[in-house]
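Engineer: So that you have it, the file is entry-v1.tsv, and it contains TSV, C-alpha atoms and all ligand atoms:
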```
chain	number	residue	atom	x	y	z
N	1	MET	CA	183.99	209.90	1.54
N	2	THR	CA	181.48	208.25	-0.77
N	3	LYS	CA	182.65	207.60	-4.24
N	4	SER	CA	180.35	207.87	-7.19
N	5	LEU	CA	180.79	208.57	-10.85
N	6	GLU	CA	178.13	209.33	-13.43
N	7	ILE	CA	179.08	207.19	-16.39
N	8	LYS	CA	177.26	206.78	-19.68
N	9	ASN	CA	176.78	203.15	-20.66
N	10	PHE	CA	179.84	202.26	-22.74
N	11	SER	CA	177.89	200.55	-25.51
N	12	THR	CA	176.08	203.83	-26.28
N	13	TRP	CA	179.09	206.17	-26.41
N	14	PHE	CA	179.20	206.46	-30.17
N	15	ASN	CA	176.59	206.63	-32.91
N	16	GLU	CA	177.04	202.95	-33.58
N	17	PRO	CA	177.23	200.45	-30.65
N	18	ALA	CA	180.82	200.18	-29.36
N	19	LYS	CA	182.45	196.83	-30.06
N	20	ILE	CA	183.45	195.09	-26.84
N	21	PRO	CA	186.33	194.47	-26.33
N	22	PHE	CA	187.03	197.98	-27.50
N	23	VAL	CA	190.42	197.73	-29.19
N	24	ILE	CA	192.57	200.83	-29.51
N	25	SER	CA	195.72	200.49	-31.55
N	26	GLY	CA	198.28	202.57	-33.37
N	27	PRO	CA	201.80	203.80	-32.90
N	28	CYS	CA	203.24	204.97	-29.61
N	29	SER	CA	204.00	208.24	-31.42
N	30	ALA	CA	202.96	209.85	-34.66
N	31	GLU	CA	206.21	210.22	-36.58
N	32	SER	CA	205.09	211.19	-40.08
N	33	PHE	CA	201.83	211.27	-41.98
N	34	GLU	CA	202.92	208.28	-44.07
N	35	GLN	CA	203.87	206.20	-41.03
N	36	LEU	CA	200.55	206.96	-39.33
N	37	LEU	CA	198.37	206.46	-42.38
N	38	GLU	CA	200.00	203.22	-43.45
N	39	THR	CA	199.70	201.83	-39.92
N	40	ALA	CA	196.09	203.01	-39.71
N	41	LYS	CA	195.10	201.43	-43.03
N	42	GLU	CA	196.50	198.05	-42.06
N	43	ILE	CA	195.01	198.21	-38.60
N	44	ALA	CA	191.59	199.09	-39.99
N	45	ALA	CA	191.75	196.14	-42.38
N	46	ASN	CA	191.76	193.55	-39.60
N	47	GLY	CA	188.26	194.56	-38.56
N	48	LYS	CA	188.76	194.20	-34.81
N	49	VAL	CA	190.19	197.65	-34.03
N	50	CYS	CA	187.83	200.48	-33.07
N	51	ALA	CA	190.17	203.40	-32.51
N	52	LEU	CA	193.50	204.68	-33.80
N	53	ARG	CA	195.92	205.94	-31.17
N	54	ALA	CA	198.99	208.12	-31.68
N	55	GLY	CA	201.01	210.13	-29.18
N	56	ILE	CA	201.57	213.68	-30.37
N	57	TRP	CA	203.31	215.07	-27.29
N	58	LYS	CA	205.43	212.42	-25.61
N	59	PRO	CA	206.18	212.52	-21.89
N	60	ARG	CA	209.78	211.29	-21.79
N	61	THR	CA	211.78	210.59	-18.67
N	62	ARG	CA	214.72	212.70	-19.81
N	63	PRO	CA	214.96	215.58	-22.25
N	64	GLY	CA	216.67	214.88	-25.52
N	65	SER	CA	214.62	211.77	-26.35
N	66	PHE	CA	212.01	212.05	-29.10
N	67	GLU	CA	209.31	214.23	-27.59
N	68	GLY	CA	206.69	213.89	-30.29
N	69	VAL	CA	206.01	215.79	-33.49
N	70	GLY	CA	203.71	218.29	-31.78
N	71	VAL	CA	200.55	219.89	-33.00
N	72	LYS	CA	201.03	219.12	-36.71
N	73	GLY	CA	200.58	215.41	-35.84
N	74	LEU	CA	196.96	216.08	-34.85
N	75	LYS	CA	196.10	216.85	-38.47
N	76	TRP	CA	197.69	213.57	-39.56
N	77	LEU	CA	195.74	211.67	-36.92
N	78	SER	CA	192.49	213.32	-37.84
N	79	GLU	CA	193.09	212.69	-41.54
N	80	ALA	CA	194.09	209.05	-40.98
N	81	GLY	CA	190.89	208.60	-38.94
N	82	LYS	CA	188.76	210.06	-41.72
N	83	ILE	CA	190.38	207.90	-44.39
N	84	THR	CA	190.11	204.63	-42.44
N	85	GLY	CA	186.88	205.22	-40.54
N	86	LEU	CA	188.63	204.55	-37.23
N	87	LYS	CA	187.90	206.73	-34.22
N	88	THR	CA	190.93	208.77	-33.17
N	89	ILE	CA	192.46	209.13	-29.71
N	90	THR	CA	195.50	210.92	-28.35
N	91	GLU	CA	197.10	211.87	-25.04
N	92	VAL	CA	196.58	215.32	-23.57
N	93	ALA	CA	198.67	216.65	-20.71
N	94	THR	CA	197.79	220.36	-20.65
N	95	PRO	CA	194.76	222.59	-21.32
N	96	LYS	CA	196.47	223.71	-24.53
N	97	HIS	CA	196.67	220.11	-25.74
N	98	VAL	CA	192.92	219.76	-25.07
N	99	GLU	CA	192.18	222.89	-27.04
N	100	GLN	CA	194.35	221.81	-29.97
N	101	ALA	CA	192.97	218.24	-30.04
N	102	ILE	CA	189.39	219.54	-29.99
N	103	ALA	CA	190.20	222.01	-32.78
N	104	GLN	CA	191.34	219.08	-34.92
N	105	LYS	CA	188.19	217.09	-34.07
N	106	ILE	CA	190.04	214.21	-32.42
N	107	ASP	CA	187.30	211.79	-31.25
N	108	CYS	CA	188.61	210.75	-27.80
N	109	LEU	CA	191.34	211.79	-25.37
N	110	TRP	CA	193.41	210.02	-22.76
N	111	ILE	CA	195.30	211.36	-19.79
N	112	GLY	CA	198.72	209.73	-19.37
N	113	ALA	CA	200.10	208.01	-16.29
N	114	ARG	CA	202.49	210.81	-15.37
N	115	THR	CA	199.74	213.42	-15.66
N	116	SER	CA	197.14	211.46	-13.70
N	117	SER	CA	199.67	211.30	-10.85
N	118	ASN	CA	199.40	215.08	-10.48
N	119	PRO	CA	196.06	216.45	-9.24
N	120	PHE	CA	197.00	220.01	-10.25
N	121	SER	CA	197.48	218.96	-13.88
N	122	VAL	CA	194.34	216.84	-13.89
N	123	GLN	CA	192.34	219.73	-12.47
N	124	GLU	CA	193.61	222.07	-15.18
N	125	ILE	CA	192.68	219.56	-17.85
N	126	ALA	CA	189.27	219.06	-16.24
N	127	GLU	CA	188.66	222.80	-16.40
N	128	ALA	CA	189.66	222.86	-20.06
N	129	LEU	CA	187.13	220.07	-20.70
N	130	THR	CA	184.20	221.87	-19.10
N	131	ALA	CA	181.30	222.07	-21.54
N	132	ILE	CA	183.05	219.79	-24.03
N	133	ASP	CA	181.40	216.46	-24.74
N	134	ILE	CA	184.18	214.03	-25.61
N	135	PRO	CA	185.12	210.55	-24.35
N	136	VAL	CA	188.07	210.68	-21.97
N	137	PHE	CA	190.13	207.79	-20.61
N	138	VAL	CA	192.29	208.21	-17.52
N	139	LYS	CA	195.38	206.04	-17.25
N	140	ASN	CA	196.35	204.81	-13.82
N	141	PRO	CA	198.91	207.01	-12.04
N	142	VAL	CA	202.49	205.74	-12.04
N	143	ASN	CA	202.28	204.80	-8.35
N	144	PRO	CA	199.78	202.17	-7.24
N	145	ASP	CA	197.45	204.53	-5.39
N	146	ILE	CA	193.87	203.71	-6.30
N	147	ASN	CA	192.55	206.86	-4.66
N	148	LEU	CA	194.76	209.03	-6.84
N	149	TRP	CA	193.36	207.22	-9.89
N	150	ILE	CA	189.80	207.62	-8.63
N	151	GLY	CA	190.51	211.27	-7.78
N	152	ALA	CA	191.59	211.93	-11.36
N	153	LEU	CA	188.45	210.21	-12.69
N	154	GLU	CA	186.30	212.26	-10.30
N	155	ARG	CA	187.88	215.53	-11.40
N	156	ILE	CA	187.19	214.79	-15.06
N	157	ASN	CA	183.69	213.53	-14.27
N	158	LYS	CA	182.92	216.71	-12.30
N	159	ALA	CA	183.77	218.71	-15.41
N	160	GLY	CA	180.76	217.02	-17.04
N	161	ILE	CA	182.55	214.20	-18.90
N	162	ILE	CA	180.26	211.18	-18.64
N	163	ARG	CA	181.81	209.21	-21.46
N	164	LEU	CA	184.57	208.38	-19.04
N	165	GLY	CA	186.82	205.32	-18.89
N	166	ALA	CA	190.00	204.10	-17.22
N	167	ILE	CA	193.13	202.62	-18.73
N	168	HIS	CA	195.21	200.17	-16.74
N	169	ARG	CA	198.89	200.42	-17.78
N	170	GLY	CA	200.61	199.02	-14.71
N	171	PHE	CA	202.69	200.63	-11.99
N	172	TYR	CA	206.28	201.68	-11.65
N	173	PRO	CA	208.42	198.82	-10.32
N	174	PHE	CA	210.84	199.82	-7.62
N	175	GLU	CA	212.86	196.71	-8.31
N	176	LYS	CA	213.84	195.02	-11.53
N	177	THR	CA	210.94	192.93	-12.84
N	178	VAL	CA	210.18	190.96	-15.98
N	179	PHE	CA	207.56	193.48	-17.07
N	180	ARG	CA	208.24	197.18	-17.56
N	181	ASN	CA	205.41	198.00	-15.16
N	182	ILE	CA	203.87	195.81	-12.46
N	183	PRO	CA	200.27	194.99	-13.39
N	184	LYS	CA	198.87	194.80	-9.84
N	185	TRP	CA	195.65	193.45	-11.31
N	186	GLU	CA	193.92	193.86	-7.96
N	187	LEU	CA	193.75	197.63	-8.54
N	188	PRO	CA	191.74	197.71	-11.80
N	189	ILE	CA	189.61	194.95	-10.30
N	190	GLU	CA	188.91	197.09	-7.26
N	191	LEU	CA	188.07	199.98	-9.55
N	192	LYS	CA	185.54	197.78	-11.35
N	193	LEU	CA	184.04	196.69	-8.09
N	194	LEU	CA	183.63	200.30	-6.98
N	195	PHE	CA	182.35	201.56	-10.32
N	196	PRO	CA	180.74	198.68	-12.23
N	197	ASN	CA	179.73	200.99	-15.14
N	198	LEU	CA	183.22	202.38	-15.67
N	199	PRO	CA	184.83	200.90	-18.77
N	200	VAL	CA	188.35	199.72	-17.97
N	201	ILE	CA	190.73	199.18	-20.88
N	202	CYS	CA	194.02	197.34	-20.43
N	203	ASP	CA	197.22	198.64	-22.03
N	204	PRO	CA	199.36	195.49	-22.31
N	205	SER	CA	202.06	197.38	-24.26
N	206	HIS	CA	203.06	199.63	-21.37
N	207	ILE	CA	202.70	196.85	-18.81
N	208	ALA	CA	204.90	194.51	-20.85
N	209	GLY	CA	207.51	196.89	-22.21
N	210	ASN	CA	208.35	194.04	-24.55
N	211	ARG	CA	206.29	192.57	-27.37
N	212	GLN	CA	206.89	188.98	-26.21
N	213	PHE	CA	204.53	189.38	-23.24
N	214	LEU	CA	201.64	191.04	-25.05
N	215	ARG	CA	199.63	187.90	-25.63
N	216	GLU	CA	199.81	186.70	-22.03
N	217	ILE	CA	198.83	190.09	-20.63
N	218	SER	CA	196.08	190.69	-23.20
N	219	GLN	CA	194.55	187.29	-22.48
N	220	LYS	CA	194.68	187.92	-18.78
N	221	ALA	CA	192.96	191.28	-19.26
N	222	LEU	CA	190.18	189.66	-21.30
N	223	ASP	CA	189.81	186.92	-18.71
N	224	LEU	CA	189.48	189.60	-16.06
N	225	ASN	CA	186.59	190.95	-18.07
N	226	MET	CA	188.26	194.18	-19.05
N	227	ASP	CA	186.32	196.20	-21.60
N	228	GLY	CA	189.10	196.64	-24.11
N	229	LEU	CA	192.76	196.66	-25.04
N	230	MET	CA	195.15	199.41	-26.07
N	231	ILE	CA	198.02	197.89	-28.04
N	232	GLU	CA	200.83	199.84	-29.67
N	233	CYS	CA	201.31	199.01	-33.35
N	234	HIS	CA	203.80	200.48	-35.79
N	235	ILE	CA	204.31	199.87	-39.48
N	236	ASN	CA	207.99	199.26	-38.74
N	237	PRO	CA	208.28	198.57	-35.00
N	238	ASP	CA	212.05	198.20	-34.83
N	239	GLU	CA	212.50	201.67	-36.28
N	240	ALA	CA	209.97	203.32	-33.96
N	241	LEU	CA	211.17	206.57	-32.38
N	242	SER	CA	209.64	205.66	-29.02
N	243	ASP	CA	208.87	202.36	-27.26
N	244	ALA	CA	210.31	200.26	-30.11
N	245	ASN	CA	210.63	197.10	-27.96
N	246	GLN	CA	206.96	196.89	-27.16
N	247	GLN	CA	205.41	197.81	-30.52
N	248	ILE	CA	204.21	195.19	-32.98
N	249	SER	CA	203.52	195.27	-36.71
N	250	PRO	CA	199.94	195.34	-38.04
N	251	ASN	CA	200.33	191.67	-39.06
N	252	GLU	CA	201.42	190.69	-35.58
N	253	LEU	CA	198.50	192.65	-34.18
N	254	LYS	CA	196.09	190.81	-36.46
N	255	LYS	CA	197.48	187.45	-35.35
N	256	LEU	CA	197.41	188.45	-31.69
N	257	LEU	CA	193.80	189.57	-31.86
N	258	GLU	CA	192.83	186.39	-33.69
N	259	ASP	CA	194.62	184.14	-31.24
N	260	LEU	CA	193.10	185.62	-28.11
N	261	VAL	CA	190.27	183.67	-26.56
N	262	TYR	CA	187.18	185.82	-26.09
N	263	ARG	CA	185.20	184.17	-23.33
N	264	LYS	CA	181.67	184.93	-22.32
N	265	ALA	CA	181.03	185.86	-18.72
N	266	ASP	CA	177.78	183.97	-18.72
N	267	SER	CA	175.98	182.14	-15.92
N	268	GLU	CA	172.62	181.72	-14.23
N	269	ASN	CA	173.32	184.33	-11.60
N	270	ARG	CA	175.64	186.72	-13.36
N	271	GLN	CA	176.11	189.27	-10.62
N	272	PHE	CA	177.03	186.66	-8.05
N	273	LEU	CA	179.49	184.87	-10.31
N	274	GLU	CA	181.13	188.09	-11.46
N	275	ILE	CA	181.76	189.35	-7.95
N	276	LEU	CA	183.01	185.92	-6.89
N	277	ASP	CA	185.40	185.91	-9.83
N	278	GLN	CA	186.72	189.40	-9.15
N	279	LEU	CA	187.41	188.55	-5.53
N	280	ARG	CA	189.19	185.33	-6.53
N	281	ASN	CA	191.35	187.21	-9.01
N	282	GLN	CA	192.43	189.58	-6.28
N	283	ILE	CA	193.36	186.54	-4.20
N	284	ASP	CA	195.41	185.09	-7.07
N	285	SER	CA	197.31	188.31	-7.58
N	286	LEU	CA	198.03	188.74	-3.88
N	287	ASP	CA	199.00	185.08	-3.49
N	288	SER	CA	201.45	185.38	-6.34
N	289	GLN	CA	202.95	188.44	-4.65
N	290	LEU	CA	203.10	186.54	-1.34
N	291	LEU	CA	204.95	183.68	-3.00
N	292	GLU	CA	207.29	186.04	-4.81
N	293	LEU	CA	208.10	187.67	-1.47
N	294	LEU	CA	208.54	184.30	0.16
N	295	GLY	CA	210.98	183.32	-2.58
N	296	ARG	CA	212.94	186.53	-2.03
N	297	ARG	CA	212.94	185.89	1.73
N	298	MET	CA	214.35	182.40	1.14
N	299	ASP	CA	217.15	183.83	-0.98
N	300	ILE	CA	218.17	186.06	1.93
N	301	VAL	CA	217.90	183.12	4.35
N	302	GLU	CA	220.37	181.29	2.14
N	303	LYS	CA	222.75	184.27	2.12
N	304	ILE	CA	222.57	184.46	5.91
N	305	GLY	CA	223.33	180.71	6.02
N	306	GLU	CA	226.50	181.25	3.96
N	307	PHE	CA	227.50	184.16	6.13
N	308	LYS	CA	227.02	182.18	9.34
N	309	ARG	CA	228.90	179.23	7.88
N	310	LYS	CA	231.88	181.42	6.99
N	311	ASN	CA	231.86	182.86	10.51
N	312	ASP	CA	231.19	179.57	12.32
N	313	ILE	CA	227.95	180.73	13.88
N	314	THR	CA	225.02	178.47	14.77
N	315	ILE	CA	221.90	178.39	12.66
N	316	LEU	CA	219.53	179.29	15.48
N	317	GLN	CA	219.87	182.44	17.57
N	318	LEU	CA	217.11	182.17	20.10
N	319	ARG	CA	216.87	185.92	20.81
N	320	ARG	CA	216.33	186.68	17.13
N	321	TRP	CA	213.61	184.03	16.82
N	322	GLU	CA	211.83	185.38	19.91
N	323	ASN	CA	212.01	188.85	18.47
N	324	ILE	CA	210.58	187.71	15.13
N	325	LEU	CA	207.62	186.07	16.84
N	326	LYS	CA	206.94	189.08	19.03
N	327	THR	CA	207.22	191.81	16.39
N	328	ARG	CA	205.32	189.97	13.66
N	329	THR	CA	202.49	189.14	16.04
N	330	GLU	CA	202.23	192.83	16.90
N	331	TRP	CA	202.30	193.81	13.21
N	332	GLY	CA	199.64	191.21	12.46
N	333	GLN	CA	197.44	192.45	15.29
N	334	LYS	CA	197.54	195.96	13.86
N	335	LEU	CA	196.31	194.53	10.57
N	336	GLY	CA	193.51	192.63	12.30
N	337	LEU	CA	195.15	189.24	11.69
N	338	ASP	CA	194.67	186.31	14.01
N	339	ASN	CA	197.64	185.59	16.39
N	340	GLU	CA	197.42	181.90	15.66
N	341	LEU	CA	197.62	182.46	11.93
N	342	ILE	CA	200.78	184.56	12.35
N	343	LYS	CA	202.36	182.05	14.74
N	344	GLN	CA	201.68	179.02	12.58
N	345	MET	CA	202.76	180.80	9.43
N	346	LEU	CA	206.03	181.96	11.04
N	347	GLU	CA	206.75	178.50	12.39
N	348	ILE	CA	206.37	176.92	8.98
N	349	ILE	CA	208.57	179.57	7.38
N	350	HIS	CA	211.16	179.31	10.16
N	351	LYS	CA	211.29	175.53	9.91
N	352	SER	CA	211.87	175.75	6.21
N	353	SER	CA	214.52	178.48	6.70
N	354	ILE	CA	216.40	176.27	9.18
N	355	LYS	CA	216.27	173.41	6.71
N	356	LYS	CA	217.67	175.70	4.02
N	357	GLN	CA	220.55	176.82	6.31
N	358	GLU	CA	221.28	173.21	7.29
N	359	PHE	CA	221.68	172.51	3.62
N	360	VAL	CA	224.07	175.46	3.30
N	361	MET	CA	226.08	174.28	6.34
N	362	ARG	CA	226.34	170.74	5.01
N	363	ARG	CA	227.70	172.04	1.75
N	364	ARG	CA	230.95	172.85	3.58
N	365	ASN	CA	231.38	169.33	4.82
N	366	GLY	CA	230.91	168.00	1.33
N	367	GLU	CA	228.16	165.71	2.64
N	368	LYS	CA	225.87	164.07	0.17
N	369	HIS	CA	222.33	165.32	0.40
N	370	ASP	CA	219.23	165.01	-1.63
N	371	ASP	CA	216.79	167.16	0.32
N	372	CYS	CA	215.86	170.88	-0.06
D	1	LIG	C1	201.66	206.06	-24.17
D	1	LIG	O1	200.53	205.56	-24.17
D	1	LIG	O2	202.38	206.12	-25.17
D	1	LIG	C2	202.20	206.56	-22.88
D	1	LIG	C3	203.10	207.49	-22.81
D	1	LIG	O3	201.69	205.88	-21.86
D	1	LIG	P1	201.81	206.04	-20.26
D	1	LIG	O4	201.21	207.35	-19.89
D	1	LIG	O5	201.01	204.86	-19.82
D	1	LIG	O6	203.27	205.92	-19.91
D	2	MN	MN	204.31	204.28	-25.69
```
Any chance you could put this one into structure tokens?
Structural biologist:
Amino acid sequence: MTKSLEIKNFSTWFNEPAKIPFVISGPCSAESFEQLLETAKEIAANGKVCALRAGIWKPRTRPGSFEGVGVKGLKWLSEAGKITGLKTITEVATPKHVEQAIAQKIDCLWIGARTSSNPFSVQEIAEALTAIDIPVFVKNPVNPDINLWIGALERINKAGIIRLGAIHRGFYPFEKTVFRNIPKWELPIELKLLFPNLPVICDPSHIAGNRQFLREISQKALDLNMDGLMIECHINPDEALSDANQQISPNELKKLLEDLVYRKADSENRQFLEILDQLRNQIDSLDSQLLELLGRRMDIVEKIGEFKRKNDITILQLRRWENILKTRTEWGQKLGLDNELIKQMLEIIHKSSIKKQEFVMRRRNGEKHDDC
């Protein structure tokens, strides 16, 4: 199935040329008019922020958490936008939300990660957007399925929304990780490759889950040539009713935006260099995953070594090694990988695993060793 999106050039979305990187900031949730307005005023003063965000209806994992102030918050957002001159943006998850946000003249909308995971919901929102001309950003779905993300963008685009962008907020980690959500940078990069006109904004706050990682992730996003950043900012982050750990104060936001390095993607042959860069970034991300997996494999090798030591079993079991070679070669073939590559790679890994288990075995004998 061919994929195409009709996207209006990002720099012409608004009356005045959009600043790139397009920075969206504001609290995770609107909590009171004072909280929102104070945050907005300080954010506007730093001069780098284009749009004020605030969640009005909050998708929470379990009921009973703060679920947003509801429709009255839209008035606050709209008012804070008027006072500060910032564009306003909020999350919509139902046709009713769309209707209410439009009624309050909110400037832009975004579709949240949980909603973009559900084609039925996206379709309903798309229908509610028909004949409405408003910029819409689609966050990546919770699971790392690029086609689901593209599908959501296509549905909104088919409703006539051509001021359309994507927001990369990372993917649900099935295991404990440092970040709240795994970035999987190769996905937004692939999206950019498929749709070069599509603005892609990075949301470091929801990737990080913790303010200490915001700088690293924001810089990475800029270096990957993303078109903007969405960073949660609260007048009093520690007291925030949602996502307190990842929000920063307006002062911290100012410092962060000042400290980031804004590089130019300039060269003689821009198209060539850009594509080369995007491909290399995919390689980096995959290599880091490969190494992470290799590290985890080594940890298990060590555990097996201990287990064998306790049970007085030899390091090598020939049948198991034969089976590894056979099955992995078959798996590799299915993926179109060269037999020789698989064999050599397995031999290197196996050699290193044996060395690791020798180390574990020697530990029992109290031998001195300085390898591994
Ligand atoms: C948010 O932006 O506050 C939010 C709920 O984000 P996400 O949909 O990425 O979880
Ligand atoms: Mn949030």
Engineer: Could you tell me, as a PyMOL selection string, which residues have any atom at most 12 Å from (188.0, 206.1, -35.5), counting only C-alpha atoms?
Structural biologist: chain N and resi 14-16+18+22-26+40-41+43-44+47-54+77-90+105-108
Engineer: For a quick check of understanding, using only C-alpha atoms, which of N:Leu187, N:Val261, N:Cys233, N:Ile349 has the smallest distance to Gln219 in chain N?
Structural biologist: N:Val261
Engineer: Can I get the residues of chain N within 9 Å of ligand MN 2 (chain D), each with the closest pair of atoms and their distance in Å to one decimal, using all atoms listed in the file, sorted chain first then ascending number, as a Markdown table?
Structural biologist:
```
| residue | atom | partner | partner_atom | distance |
| --- | --- | --- | --- | --- |
| N:Pro27 | CA | D:MN2 | MN | 7.6 |
| N:Cys28 | CA | D:MN2 | MN | 4.1 |
| N:Ser29 | CA | D:MN2 | MN | 7.0 |
| N:Ala54 | CA | D:MN2 | MN | 8.9 |
| N:Gly55 | CA | D:MN2 | MN | 7.6 |
| N:Lys58 | CA | D:MN2 | MN | 8.2 |
| N:Ser205 | CA | D:MN2 | MN | 7.4 |
| N:His206 | CA | D:MN2 | MN | 6.5 |
| N:Gly209 | CA | D:MN2 | MN | 8.8 |
| N:Glu232 | CA | D:MN2 | MN | 6.9 |
| N:Ser242 | CA | D:MN2 | MN | 6.4 |
| N:Asp243 | CA | D:MN2 | MN | 5.2 |
| N:Ala244 | CA | D:MN2 | MN | 8.5 |
| N:Gln246 | CA | D:MN2 | MN | 8.0 |
| N:Gln247 | CA | D:MN2 | MN | 8.1 |
```
Engineer: Name the residues in contact with Ile315 in chain N at a cut-off of 7 Å, using all atoms listed in the file, excluding same-chain residues fewer than 2 positions from it; report them as a short mmCIF file (atom, residue, chain, number, x, y, z; two decimals) with C-alpha atoms, in the coordinates of the input.
Structural biologist:
```cif
data_model
loop_
_atom_site.label_atom_id
_atom_site.label_comp_id
_atom_site.auth_asym_id
_atom_site.auth_seq_id
_atom_site.Cartn_x
_atom_site.Cartn_y
_atom_site.Cartn_z
CA ILE N 313 227.95 180.73 13.88
CA GLN N 317 219.87 182.44 17.57
CA ILE N 354 216.40 176.27 9.18
CA GLN N 357 220.55 176.82 6.31
#
```
Engineer: Just to confirm, what's the straight-line distance from CA of Leu129 in chain N to CA of Arg155 in chain N in Å (one decimal)?
Structural biologist: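 About the pair CA of Leu129 in chain N and CA of Arg155 in chain N: they are 10.4 Å apart.
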Engineer: Closest to Lys308 in chain N among N:Ile275, N:Ile283, N:Val360, N:Ala208, using all atoms listed in the file?
Structural biologist: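 For Lys308 in chain N, the nearest of the candidates is N:Val360.
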Engineer: For a test of reading the model, state the distance in Å between CA of Ser285 in chain N and CA of Ile201 in chain N, rounded to one decimal.
Structural biologist: 18.4 Å
Engineer: Just want the 10 Å neighbourhood of Ser116 in chain N, counted on all atoms listed in the file, with same-chain residues fewer than 2 positions away dropped. Output as a ChimeraX atom specification.
Structural biologist: /N:93,110-114,118-123,138-143,148-153
Engineer: Could you state the separation of CA of Ile125 in chain N and CA of Glu91 in chain N in Å, given to one decimal place?
Structural biologist: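 According to the coordinates, CA of Ile125 in chain N and CA of Glu91 in chain N are separated by 11.4 Å.
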Engineer: Extract, using only C-alpha atoms, all DNA, RNA and protein residues at most 9 Å from Ile189 in chain N, discarding same-chain residues fewer than 6 positions from it, and format them as a list in words.
Structural biologist: Leu224, Met226, Gln278, Leu279, Asn281 and Gln282 of chain N
Engineer: Determine the nearest neighbour of ligand LIG 1 (chain D) from the options N:Lys8, N:Lys19, N:Lys3, N:Arg180, counting only C-alpha atoms and all ligand atoms.
Structural biologist: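 With only C-alpha atoms and all ligand atoms as the atom set, the closest residue is N:Arg180.
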Engineer: Could you check which of N:Gly165, N:Gly68, N:Gly73, N:Pro237 is closest to Leu36 in chain N, using all atoms listed in the file?
Structural biologist: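 Distance minimum relative to Leu36 in chain N lands on N:Gly73.
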